[in-house]
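target_21.pdb (PDB, C-alpha atoms)
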```pdb
ATOM      1  CA  MET A   1       1.387   3.607 -13.384
ATOM      2  CA  ILE A   2      -1.001   5.205 -10.926
ATOM      3  CA  ILE A   3       0.598   5.597  -7.496
ATOM      4  CA  ALA A   4      -1.580   5.362  -4.416
ATOM      5  CA  GLU A   5      -1.031   5.255  -0.657
ATOM      6  CA  LYS A   6      -2.994   3.330   1.942
ATOM      7  CA  LYS A   7      -5.441   5.405   3.924
ATOM      8  CA  PRO A   8      -5.037   5.279   7.719
ATOM      9  CA  ILE A   9      -7.222   2.474   9.090
ATOM     10  CA  GLU A  10      -8.868   4.931  11.520
ATOM     11  CA  GLU A  11     -10.238   6.887   8.549
ATOM     12  CA  ILE A  12     -11.641   3.716   6.945
ATOM     13  CA  ILE A  13     -13.195   2.645  10.246
ATOM     14  CA  GLY A  14     -14.909   6.052  10.361
ATOM     15  CA  TYR A  15     -16.666   5.308   7.052
ATOM     16  CA  ILE A  16     -17.867   1.826   7.847
ATOM     17  CA  ASP A  17     -18.374   1.725  11.606
ATOM     18  CA  ASP A  18     -22.125   1.085  11.281
ATOM     19  CA  CYS A  19     -21.832  -1.840   8.815
ATOM     20  CA  GLU A  20     -22.543  -5.503   9.522
ATOM     21  CA  LYS A  21     -21.381  -6.965   6.188
ATOM     22  CA  LEU A  22     -18.484  -5.552   4.275
ATOM     23  CA  LEU A  23     -16.585  -6.270   1.099
ATOM     24  CA  ILE A  24     -12.966  -5.219   0.735
ATOM     25  CA  LEU A  25     -12.305  -5.021  -2.989
ATOM     26  CA  GLY A  26      -8.726  -4.975  -4.251
ATOM     27  CA  CYS A  27      -7.307  -4.315  -7.696
ATOM     28  CA  ASN A  28      -4.600  -6.360  -9.385
ATOM     29  CA  GLU A  29      -3.099  -3.510 -11.380
ATOM     30  CA  CYS A  30      -1.186  -0.357 -10.357
ATOM     31  CA  VAL A  31      -2.173  -0.404  -6.683
ATOM     32  CA  THR A  32      -0.847  -3.953  -6.384
ATOM     33  CA  VAL A  33       2.534  -2.881  -7.749
ATOM     34  CA  CYS A  34       2.757   0.102  -5.384
ATOM     35  CA  GLU A  35       1.633  -2.160  -2.511
ATOM     36  CA  ALA A  36      -1.398  -0.095  -1.551
ATOM     37  CA  GLY A  37      -4.428  -2.031  -2.760
ATOM     38  CA  GLY A  38      -3.554  -5.514  -4.008
ATOM     39  CA  LYS A  39      -4.581  -8.911  -2.680
ATOM     40  CA  LYS A  40      -2.121  -8.724   0.212
ATOM     41  CA  GLU A  41      -3.295  -5.290   1.343
ATOM     42  CA  VAL A  42      -6.901  -6.493   1.076
ATOM     43  CA  GLY A  43      -6.020  -9.387   3.404
ATOM     44  CA  VAL A  44      -4.285  -7.126   5.927
ATOM     45  CA  LEU A  45      -7.117  -4.579   5.995
ATOM     46  CA  ALA A  46      -9.833  -7.241   6.234
ATOM     47  CA  SER A  47      -8.038  -9.072   9.032
ATOM     48  CA  ALA A  48      -7.383  -5.845  10.960
ATOM     49  CA  LEU A  49     -11.013  -4.714  10.578
ATOM     50  CA  ARG A  50     -12.384  -8.100  11.681
ATOM     51  CA  MET A  51     -10.262  -7.907  14.818
ATOM     52  CA  TYR A  52     -11.187  -4.260  15.392
ATOM     53  CA  PHE A  53     -14.905  -5.089  15.344
ATOM     54  CA  LEU A  54     -14.415  -8.160  17.548
ATOM     55  CA  ASN A  55     -12.590  -5.963  20.053
ATOM     56  CA  GLN A  56     -15.677  -3.723  19.971
ATOM     57  CA  GLY A  57     -17.802  -6.784  20.739
ATOM     58  CA  ARG A  58     -19.255  -7.087  17.229
ATOM     59  CA  GLU A  59     -18.750  -9.876  14.714
ATOM     60  CA  VAL A  60     -18.814  -8.128  11.333
ATOM     61  CA  LYS A  61     -18.669 -10.296   8.231
ATOM     62  CA  ILE A  62     -15.860  -9.026   6.036
ATOM     63  CA  ASP A  63     -15.199 -10.654   2.674
ATOM     64  CA  GLU A  64     -12.176 -10.184   0.455
ATOM     65  CA  ILE A  65     -12.152 -10.092  -3.351
ATOM     66  CA  THR A  66      -9.418  -8.799  -5.635
ATOM     67  CA  LEU A  67     -10.390  -8.060  -9.233
ATOM     68  CA  GLU A  68      -8.078  -7.972 -12.216
ATOM     69  CA  ARG A  69      -9.023  -4.303 -12.663
ATOM     70  CA  GLN A  70     -11.712  -1.982 -11.357
ATOM     71  CA  CYS A  71     -11.617   0.385 -14.320
ATOM     72  CA  ASP A  72     -13.246  -2.033 -16.803
ATOM     73  CA  HIS A  73     -16.872  -3.136 -17.043
ATOM     74  CA  GLU A  74     -16.046  -6.797 -17.577
ATOM     75  CA  TYR A  75     -14.081  -7.195 -14.331
ATOM     76  CA  LEU A  76     -16.497  -5.158 -12.221
ATOM     77  CA  GLU A  77     -19.294  -7.383 -13.513
ATOM     78  CA  GLU A  78     -17.680 -10.281 -11.632
ATOM     79  CA  ILE A  79     -19.172  -9.003  -8.369
ATOM     80  CA  ARG A  80     -22.653  -8.363  -9.854
ATOM     81  CA  ASP A  81     -24.218 -11.322  -8.021
ATOM     82  CA  VAL A  82     -22.710 -10.547  -4.628
ATOM     83  CA  ALA A  83     -22.426  -6.747  -4.500
ATOM     84  CA  ASP A  84     -25.866  -6.148  -2.983
ATOM     85  CA  GLN A  85     -25.207  -8.585  -0.121
ATOM     86  CA  TYR A  86     -22.979  -6.024   1.582
ATOM     87  CA  ASP A  87     -23.754  -2.885   3.559
ATOM     88  CA  ALA A  88     -20.746  -1.201   1.971
ATOM     89  CA  ILE A  89     -17.769  -1.876  -0.300
ATOM     90  CA  VAL A  90     -14.303  -0.515   0.500
ATOM     91  CA  SER A  91     -12.375  -0.292  -2.750
ATOM     92  CA  LEU A  92      -8.602  -0.338  -2.602
ATOM     93  CA  ALA A  93      -8.354   0.679  -6.258
ATOM     94  CA  CYS A  94      -7.294   4.147  -7.409
ATOM     95  CA  GLY A  95      -9.853   6.943  -7.640
ATOM     96  CA  VAL A  96     -10.808   5.715 -11.106
ATOM     97  CA  GLY A  97     -11.743   2.274  -9.832
ATOM     98  CA  VAL A  98     -13.662   3.626  -6.827
ATOM     99  CA  GLN A  99     -15.724   5.922  -9.055
ATOM    100  CA  PHE A 100     -16.373   3.308 -11.718
ATOM    101  CA  LEU A 101     -17.463   0.883  -9.010
ATOM    102  CA  ALA A 102     -19.798   3.505  -7.533
ATOM    103  CA  GLU A 103     -21.244   4.235 -10.994
ATOM    104  CA  LYS A 104     -21.893   0.571 -11.730
ATOM    105  CA  TYR A 105     -23.398  -0.225  -8.348
ATOM    106  CA  HIS A 106     -25.476   2.879  -7.942
ATOM    107  CA  SER A 107     -27.373   1.932  -4.804
ATOM    108  CA  GLN A 108     -24.321   0.527  -2.989
ATOM    109  CA  ARG A 109     -22.232   2.487  -0.487
ATOM    110  CA  VAL A 110     -18.664   2.617  -1.835
ATOM    111  CA  TYR A 111     -15.680   4.003   0.068
ATOM    112  CA  PRO A 112     -12.045   4.568  -0.932
ATOM    113  CA  GLY A 113      -9.357   2.656   0.947
ATOM    114  CA  VAL A 114      -6.405   4.467  -0.629
ATOM    115  CA  ASN A 115      -5.344   7.993  -1.489
ATOM    116  CA  THR A 116      -4.567   8.234  -5.203
ATOM    117  CA  CYS A 117      -1.391  10.298  -5.591
ATOM    118  CA  PHE A 118      -0.001  10.630  -9.125
ATOM    119  CA  LEU A 119       1.266   8.957 -12.311
ATOM    120  CA  GLY A 120       4.762   7.834 -11.514
ATOM    121  CA  ALA A 121       7.539   5.293 -11.639
ATOM    122  CA  THR A 122       9.065   2.958  -9.053
ATOM    123  CA  GLU A 123      12.555   4.343  -8.453
ATOM    124  CA  GLU A 124      13.177   1.607  -5.919
ATOM    125  CA  ARG A 125      10.954  -0.489  -3.702
ATOM    126  CA  GLY A 126       9.023   1.914  -1.491
ATOM    127  CA  ARG A 127       9.959   5.053  -3.445
ATOM    128  CA  TRP A 128       7.836   6.396  -6.265
ATOM    129  CA  THR A 129       8.186   9.686  -8.097
ATOM    130  CA  GLU A 130       5.948  11.606 -10.429
ATOM    131  CA  ARG A 131       6.693  11.423 -14.141
ATOM    132  CA  CYS A 132       3.548  12.469 -15.997
ATOM    133  CA  GLN A 133       0.659  14.857 -15.434
ATOM    134  CA  ALA A 134      -1.412  13.543 -18.347
ATOM    135  CA  CYS A 135      -1.560  17.003 -19.937
ATOM    136  CA  GLY A 136      -2.798  15.453 -23.182
ATOM    137  CA  THR A 137      -0.218  17.013 -25.527
ATOM    138  CA  CYS A 138       3.099  15.239 -25.099
ATOM    139  CA  ILE A 139       6.234  17.287 -25.727
ATOM    140  CA  LEU A 140       8.785  14.680 -24.617
ATOM    141  CA  ALA A 141      10.087  14.500 -28.214
ATOM    142  CA  TYR A 142      11.560  17.985 -27.819
ATOM    143  CA  THR A 143      12.722  17.783 -24.222
ATOM    144  CA  GLY A 144      15.046  14.799 -24.296
ATOM    145  CA  GLY A 145      12.396  12.477 -22.844
ATOM    146  CA  ILE A 146      12.138  14.496 -19.609
ATOM    147  CA  CYS A 147       8.838  16.211 -18.906
ATOM    148  CA  PRO A 148       8.961  19.845 -17.772
ATOM    149  CA  ILE A 149       5.215  19.761 -17.045
ATOM    150  CA  ALA A 150       5.446  16.969 -14.493
ATOM    151  CA  ARG A 151       8.929  17.564 -13.174
ATOM    152  CA  CYS A 152       9.352  21.344 -13.101
ATOM    153  CA  ALA A 153       7.624  22.915 -10.096
ATOM    154  CA  LYS A 154       6.548  25.851 -12.288
ATOM    155  CA  ARG A 155       5.712  23.752 -15.382
ATOM    156  CA  LEU A 156       8.060  26.014 -17.370
ATOM    157  CA  LEU A 157       8.351  25.386 -21.091
ATOM    158  CA  ASN A 158      11.294  27.531 -22.095
ATOM    159  CA  GLY A 159      14.224  26.689 -19.849
ATOM    160  CA  PRO A 160      15.257  26.905 -16.220
ATOM    161  CA  CYS A 161      14.070  29.727 -13.992
ATOM    162  CA  GLY A 162      16.204  31.809 -11.630
ATOM    163  CA  GLY A 163      15.572  29.298  -8.865
ATOM    164  CA  SER A 164      17.668  26.599 -10.507
ATOM    165  CA  SER A 165      20.897  26.234  -8.589
ATOM    166  CA  ASN A 166      23.581  23.568  -9.066
ATOM    167  CA  GLY A 167      21.054  21.475 -10.947
ATOM    168  CA  LYS A 168      18.528  21.545  -8.111
ATOM    169  CA  CYS A 169      15.163  23.243  -7.728
ATOM    170  CA  GLU A 170      14.631  26.091  -5.284
ATOM    171  CA  ILE A 171      11.565  24.432  -3.740
ATOM    172  CA  ASN A 172      13.565  21.464  -2.484
ATOM    173  CA  PRO A 173      17.345  20.968  -2.537
ATOM    174  CA  GLU A 174      16.827  17.251  -3.239
ATOM    175  CA  LEU A 175      14.667  17.877  -6.293
ATOM    176  CA  ASP A 176      16.426  17.930  -9.655
ATOM    177  CA  CYS A 177      15.764  20.937 -11.857
ATOM    178  CA  ALA A 178      13.840  19.425 -14.774
ATOM    179  CA  TRP A 179      15.393  21.876 -17.227
ATOM    180  CA  GLN A 180      18.893  21.057 -16.005
ATOM    181  CA  LEU A 181      18.092  17.386 -16.671
ATOM    182  CA  ILE A 182      16.691  18.248 -20.108
ATOM    183  CA  ILE A 183      19.733  20.270 -21.140
ATOM    184  CA  ASP A 184      22.158  17.645 -19.779
ATOM    185  CA  ARG A 185      20.341  14.903 -21.688
ATOM    186  CA  LEU A 186      20.131  16.893 -24.931
ATOM    187  CA  LYS A 187      23.878  17.568 -24.630
ATOM    188  CA  ALA A 188      24.575  13.869 -24.079
ATOM    189  CA  LEU A 189      22.460  13.040 -27.129
ATOM    190  CA  GLY A 190      24.254  15.688 -29.222
ATOM    191  CA  ARG A 191      20.881  17.316 -29.865
ATOM    192  CA  LEU A 192      21.207  20.598 -28.017
ATOM    193  CA  GLU A 193      19.841  22.308 -31.110
ATOM    194  CA  ASP A 194      16.420  20.928 -30.074
ATOM    195  CA  TYR A 195      16.555  23.380 -27.174
ATOM    196  CA  GLU A 196      16.855  26.238 -29.655
ATOM    197  CA  LYS A 197      13.785  25.194 -31.644
ATOM    198  CA  LEU A 198      10.820  27.497 -31.321
ATOM    199  CA  LEU A 199       7.714  25.588 -30.388
ATOM    200  CA  GLU A 200       4.132  26.626 -30.753
ATOM    201  CA  ILE A 201       2.321  27.782 -27.654
ATOM    202  CA  LYS A 202       1.272  24.655 -25.754
ATOM    203  CA  ASP A 203      -2.362  23.714 -26.129
ATOM    204  CA  TRP A 204      -3.577  23.548 -22.529
ATOM    205  CA  SER A 205      -7.133  22.728 -23.561
ATOM    206  CA  THR A 206      -6.161  19.044 -23.447
ATOM    207  CA  ASP A 207      -5.059  19.460 -19.819
ATOM    208  CA  ARG A 208      -7.502  19.700 -16.914
ATOM    209  CA  ALA A 209      -7.993  23.386 -17.804
ATOM    210  CA  GLY A 210     -10.446  22.166 -20.448
ATOM    211  CA  GLY A 211     -12.563  20.341 -17.850
ATOM    212  CA  PRO A 212     -12.993  16.557 -17.476
ATOM    213  CA  ARG A 213     -11.529  14.854 -20.523
ATOM    214  CA  LYS A 214     -12.615  12.125 -22.869
ATOM    215  CA  VAL A 215     -10.823  10.042 -25.501
ATOM    216  CA  VAL A 216     -12.985   8.610 -28.263
ATOM    217  CA  ARG A 217     -11.418   6.153 -30.720
ATOM    218  CA  GLU A 218     -14.020   5.425 -33.353
ATOM    219  CA  ASP A 219     -11.576   3.129 -35.168
ATOM    220  CA  ILE A 220     -11.731   0.595 -32.337
ATOM    221  CA  GLN A 221     -15.318   1.090 -31.271
ATOM    222  CA  ILE A 222     -17.731  -1.679 -32.118
TER     223      ILE A 222
ATOM    224  CA  MET B   1      22.024 -28.169  26.965
ATOM    225  CA  ARG B   2      18.614 -29.661  27.833
ATOM    226  CA  LEU B   3      17.133 -26.220  28.377
ATOM    227  CA  ASN B   4      13.490 -25.781  29.226
ATOM    228  CA  TYR B   5      11.190 -23.251  27.665
ATOM    229  CA  PRO B   6       7.418 -22.805  28.037
ATOM    230  CA  THR B   7       5.190 -25.227  26.145
ATOM    231  CA  SER B   8       2.814 -22.394  25.276
ATOM    232  CA  LEU B   9       4.984 -21.504  22.294
ATOM    233  CA  ARG B  10       4.188 -23.014  18.929
ATOM    234  CA  ILE B  11       7.117 -22.722  16.552
ATOM    235  CA  ILE B  12       6.451 -21.953  12.899
ATOM    236  CA  ARG B  13       9.542 -22.351  10.767
ATOM    237  CA  VAL B  14      10.229 -19.857   8.000
ATOM    238  CA  PRO B  15      13.239 -19.757   5.668
ATOM    239  CA  CYS B  16      14.187 -16.272   6.925
ATOM    240  CA  SER B  17      12.539 -13.730   9.247
ATOM    241  CA  GLY B  18      12.206 -11.596   6.086
ATOM    242  CA  LYS B  19       9.533 -14.069   4.971
ATOM    243  CA  VAL B  20       7.271 -13.042   7.843
ATOM    244  CA  ASP B  21       4.700 -10.571   6.602
ATOM    245  CA  ILE B  22       2.146  -8.430   8.422
ATOM    246  CA  ILE B  23      -0.631 -10.668   7.132
ATOM    247  CA  HIS B  24       0.958 -13.756   8.779
ATOM    248  CA  ILE B  25       1.131 -11.939  12.098
ATOM    249  CA  LEU B  26      -2.450 -10.661  11.844
ATOM    250  CA  ARG B  27      -3.781 -14.089  10.838
ATOM    251  CA  ALA B  28      -2.153 -15.608  13.921
ATOM    252  CA  PHE B  29      -3.932 -13.098  16.155
ATOM    253  CA  GLU B  30      -7.183 -13.513  14.242
ATOM    254  CA  LYS B  31      -6.995 -17.255  14.782
ATOM    255  CA  GLY B  32      -6.667 -16.665  18.504
ATOM    256  CA  ALA B  33      -2.954 -16.450  19.307
ATOM    257  CA  ASP B  34      -2.420 -14.493  22.534
ATOM    258  CA  GLY B  35       0.931 -13.243  21.370
ATOM    259  CA  VAL B  36       3.387 -13.560  18.519
ATOM    260  CA  CYS B  37       7.136 -13.294  18.623
ATOM    261  CA  VAL B  38       9.433 -13.201  15.666
ATOM    262  CA  PHE B  39      12.919 -14.587  16.177
ATOM    263  CA  SER B  40      15.462 -13.272  13.712
ATOM    264  CA  CYS B  41      19.207 -13.394  13.204
ATOM    265  CA  MET B  42      21.336 -10.646  14.738
ATOM    266  CA  ASP B  43      21.693  -7.381  12.813
ATOM    267  CA  GLY B  44      24.275  -7.825  10.082
ATOM    268  CA  ASP B  45      24.106 -11.623  10.264
ATOM    269  CA  CYS B  46      21.268 -12.182   7.780
ATOM    270  CA  HIS B  47      22.183 -14.806   5.192
ATOM    271  CA  PHE B  48      20.007 -12.868   2.738
ATOM    272  CA  LYS B  49      21.517  -9.555   3.927
ATOM    273  CA  THR B  50      18.356  -7.608   4.788
ATOM    274  CA  GLY B  51      15.759 -10.202   5.843
ATOM    275  CA  ASN B  52      15.871  -9.295   9.527
ATOM    276  CA  PHE B  53      15.649  -5.570   8.757
ATOM    277  CA  ARG B  54      12.555  -6.209   6.661
ATOM    278  CA  ALA B  55      11.082  -8.270   9.483
ATOM    279  CA  ARG B  56      11.744  -5.517  12.012
ATOM    280  CA  LYS B  57       9.936  -2.925   9.876
ATOM    281  CA  ARG B  58       6.975  -5.241   9.406
ATOM    282  CA  VAL B  59       6.823  -6.045  13.108
ATOM    283  CA  GLU B  60       6.804  -2.306  13.901
ATOM    284  CA  GLN B  61       4.009  -1.702  11.383
ATOM    285  CA  ALA B  62       2.006  -4.620  12.753
ATOM    286  CA  GLN B  63       2.496  -3.340  16.340
ATOM    287  CA  LYS B  64       1.041   0.046  15.357
ATOM    288  CA  LEU B  65      -1.876  -1.641  13.610
ATOM    289  CA  LEU B  66      -2.543  -3.888  16.612
ATOM    290  CA  ASP B  67      -2.542  -0.829  18.865
ATOM    291  CA  THR B  68      -5.042   0.921  16.577
ATOM    292  CA  ILE B  69      -7.476  -2.001  16.450
ATOM    293  CA  GLY B  70      -7.388  -2.549  20.195
ATOM    294  CA  THR B  71      -5.533  -5.878  20.324
ATOM    295  CA  GLY B  72      -2.387  -4.200  21.639
ATOM    296  CA  GLY B  73       1.007  -3.956  19.967
ATOM    297  CA  GLU B  74       2.749  -5.236  23.116
ATOM    298  CA  ARG B  75       1.480  -8.727  22.256
ATOM    299  CA  LEU B  76       3.928  -8.777  19.343
ATOM    300  CA  LYS B  77       7.674  -8.878  19.954
ATOM    301  CA  MET B  78      10.792  -9.422  17.933
ATOM    302  CA  TYR B  79      14.022 -10.892  19.275
ATOM    303  CA  SER B  80      17.364 -11.209  17.537
ATOM    304  CA  LEU B  81      19.677 -14.099  18.303
ATOM    305  CA  GLY B  82      22.163 -16.394  16.607
ATOM    306  CA  SER B  83      21.009 -19.691  15.082
ATOM    307  CA  GLY B  84      22.822 -21.705  17.776
ATOM    308  CA  ASP B  85      21.848 -19.482  20.689
ATOM    309  CA  GLY B  86      19.836 -21.907  22.806
ATOM    310  CA  PRO B  87      20.041 -20.081  26.159
ATOM    311  CA  PRO B  88      18.838 -16.685  24.797
ATOM    312  CA  PHE B  89      16.020 -18.481  22.938
ATOM    313  CA  ALA B  90      14.835 -20.146  26.141
ATOM    314  CA  LYS B  91      15.178 -16.847  28.002
ATOM    315  CA  TYR B  92      13.217 -14.840  25.421
ATOM    316  CA  ALA B  93      10.557 -17.544  25.127
ATOM    317  CA  THR B  94      10.065 -17.459  28.912
ATOM    318  CA  GLU B  95      10.014 -13.651  28.884
ATOM    319  CA  MET B  96       7.329 -13.655  26.183
ATOM    320  CA  HIS B  97       5.320 -16.321  28.028
ATOM    321  CA  GLU B  98       5.394 -14.226  31.225
ATOM    322  CA  LYS B  99       4.485 -11.058  29.346
ATOM    323  CA  ILE B 100       1.455 -12.730  27.725
ATOM    324  CA  LYS B 101       0.378 -14.258  31.044
ATOM    325  CA  GLU B 102       0.429 -10.762  32.483
ATOM    326  CA  LEU B 103      -1.580  -9.334  29.545
ATOM    327  CA  GLY B 104      -4.124 -12.143  29.586
ATOM    328  CA  PRO B 105      -5.771 -13.801  26.604
ATOM    329  CA  ASN B 106      -6.227 -12.209  23.200
ATOM    330  CA  PRO B 107      -9.274  -9.911  23.655
ATOM    331  CA  ILE B 108     -10.952 -11.097  20.450
ATOM    332  CA  LYS B 109     -11.390 -14.586  21.958
ATOM    333  CA  LYS B 110     -13.640 -13.192  24.668
ATOM    334  CA  HIS B 111     -15.764 -11.296  22.153
ATOM    335  CA  LYS B 112     -15.888 -14.264  19.768
ATOM    336  CA  LYS B 113     -17.269 -16.370  22.630
ATOM    337  CA  ASN B 114     -19.845 -13.691  23.410
ATOM    338  CA  ALA B 115     -20.836 -13.405  19.746
ATOM    339  CA  ALA B 116     -21.287 -17.191  19.547
TER     340      ALA B 116
END
```

What would you get if you wrote out this structure as structure tokens?
Amino acid sequence: MIIAEKKPIEEIIGYIDDCEKLLILGCNECVTVCEAGGKKEVGVLASALRMYFLNQGREVKIDEITLERQCDHEYLEEIRDVADQYDAIVSLACGVGVQFLAEKYHSQRVYPGVNTCFLGATEERGRWTERCQACGTCILAYTGGICPIARCAKRLLNGPCGGSSNGKCEINPELDCAWQLIIDRLKALGRLEDYEKLLEIKDWSTDRAGGPRKVVREDIQI
Amino acid sequence: MRLNYPTSLRIIRVPCSGKVDIIHILRAFEKGADGVCVFSCMDGDCHFKTGNFRARKRVEQAQKLLDTIGTGGERLKMYSLGSGDGPPFAKYATEMHEKIKELGPNPIKKHKKNAA
């Protein structure tokens, strides 16, 4: 899922200090799971902002809505009738949701309420780690299900570098060396011969190097 | 024991202090509470193991937030005591009452009045 972190409230206040009517818009998907932009976080931010403005001697109307998703037309349409009633919308969705919201409501001021961090997994409550960089050409089949693009600091494709020591990466002694993990897993699977296989040069044109990307599936288009 | 404690306190029962979330604390202040105190079990005595630790973290986060928005984190306090500890409860309740009296009413009430 997409991992995000709450922005400091001071930063959000800086965006919307001149507003009289505000909408805090949450998202029920990834940001709810990583506790950065779900219904609860919408409630906390709205309540804190209402009190902040009251302490400044202003009564600002702040409404709270949490959509199923902010990256789909159908859910964003749910605020069509109310969106123009507000001076600004603070979206607690990931960067995708904020941008899609801004595209759909072109004349509305839209601000992000979270910092979008990476594609990751919940290792435990309150700890998320990166697992995928969406490079567009998945090689997990050859690397024992461990991604050297996302998990090796140098994105190496042919084994550990000289900085791998006791299974850890030189950039951080707490960070596992991705290639150590790959080799250990291939050994455990009895498939170490996969490590010996020569692979074609990776096609980086599907990564960000090829510019903003697009997936078109004509088979499911109507 | 027939102990006295200030009548300014309104008790809200929760199954465990770990149930208390930041939003509950903020809502209380938004509705005009002058102060909020969370009473939890002593460290290591939580029936659910970590409820009071969770509560403490949330109280600390809420205090920071209250400081940022100008309400003041000192209006929120957390006390740990045993479930049968009447005298400490009365003592902490009085302490909180005195502290709030010293701080005065929740500032948003004044502004709400002005806005109305």

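The shortest atom-to-atom distance to chain B, with all atoms listed in the file taken into account, belongs to A:Leu54 out of A:Ile2, A:Ala46, A:Leu54, A:Leu175.
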
List the residues matched by the ChimeraX specification (/A :<7) & /B in the displayed structure as a list in words, ordered by chain and then by residue number.
Ile23, Leu26, Arg27, Glu30, Ile69, Gly70, Pro107, Ile108, His111, Lys112 and Ala115 of chain B

Any idea what the distance is between atom CA of A:Val82 and atom CA of A:Glu5?
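So the answer is 27.1 Å.
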
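Shell of A:Ile65 at 12 Å, with all atoms listed in the file counted and residues fewer than 4 places along the chain excluded, is Leu22, Leu23, Ile24, Leu25, Gly26, Cys27, Asn28, Gly37, Gly38, Lys39, Lys40, Glu41, Val42, Gly43, Leu45, Ala46, Arg69, Gln70, Tyr75, Leu76, Glu78, Ile79, Val82, Ala83, Ile89, Val90, Ser91, Leu92 and Ala93 of chain A.
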
Contacts of A:Arg109 at 12 Å (all atoms listed in the file; same-chain gap of 6+ positions) as a ChimeraX atom specification
/A:15-16,18-19,21-23,83-91,98-99,101-103

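In this model, the gap between atom CA of A:Gly163 and atom CA of A:Thr143 comes to 19.4 Å.
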
Decode the PyMOL selection byres ((chain B and resi 72) around 10) for the given file into explicit residues and return them as a list of chain:residue names.
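On this input, the PyMOL selection byres ((chain B and resi 72) around 10) captures B:Gly35, B:Ala62, B:Gln63, B:Lys64, B:Leu65, B:Leu66, B:Asp67, B:Thr68, B:Ile69, B:Gly70, B:Thr71, B:Gly73, B:Glu74, B:Arg75, B:Leu76, B:Leu103, B:Asn106, B:Pro107.
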
Decode the PyMOL selection byres ((chain A and resi 132) around 9) for the given file into explicit residues and return them as a PyMOL selection string.
chain A and resi 118-120+130-131+133-135+147+149-151

Measure the distance from atom CA of A:Ser165 to atom CA of A:Asp184 in Å and round it to one decimal.
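Interatomic distance here is 14.2 Å.
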
Find the spatial neighbours of A:Lys7, counting all atoms listed in the file, within a cut-off of 9 Å - ignore same-chain residues fewer than 6 positions away - and output them as a list in words.
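Close residues of A:Lys7: Ala36, Pro112, Gly113, Val114 and Asn115 of chain A.
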
Would you mind listing what lies within 7 Å of stretch 4-16 of chain B as an MDAnalysis selection string, with all atoms listed in the file counted and same-chain residues fewer than 2 positions away left out?
chainID B and resid 2 18:19 51 90 93:94 97

Quick one: of B:Leu3, B:Asp21, B:Val59, B:Asp34, who's nearest to B:Pro88, counting only C-alpha atoms?
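Among B:Leu3, B:Asp21, B:Val59, B:Asp34, it is B:Leu3 that comes nearest to B:Pro88.
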
Contacts of B:Tyr92 within 10 Å, all atoms listed in the file, excl. fewer than 5 positions in-chain, as a list in words
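In the requested form, the answer reads Tyr5, Cys37, Phe39, Lys77, Met78, Tyr79, Ser80, Leu81, Pro87, His97 and Glu98 of chain B.
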
Restricting the calculation to only C-alpha atoms: of A:Ala209, A:Ala178, A:Leu198, A:Cys117, which residue gets closest to A:Gly145?
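Selected residue with least distance to A:Gly145: A:Ala178.
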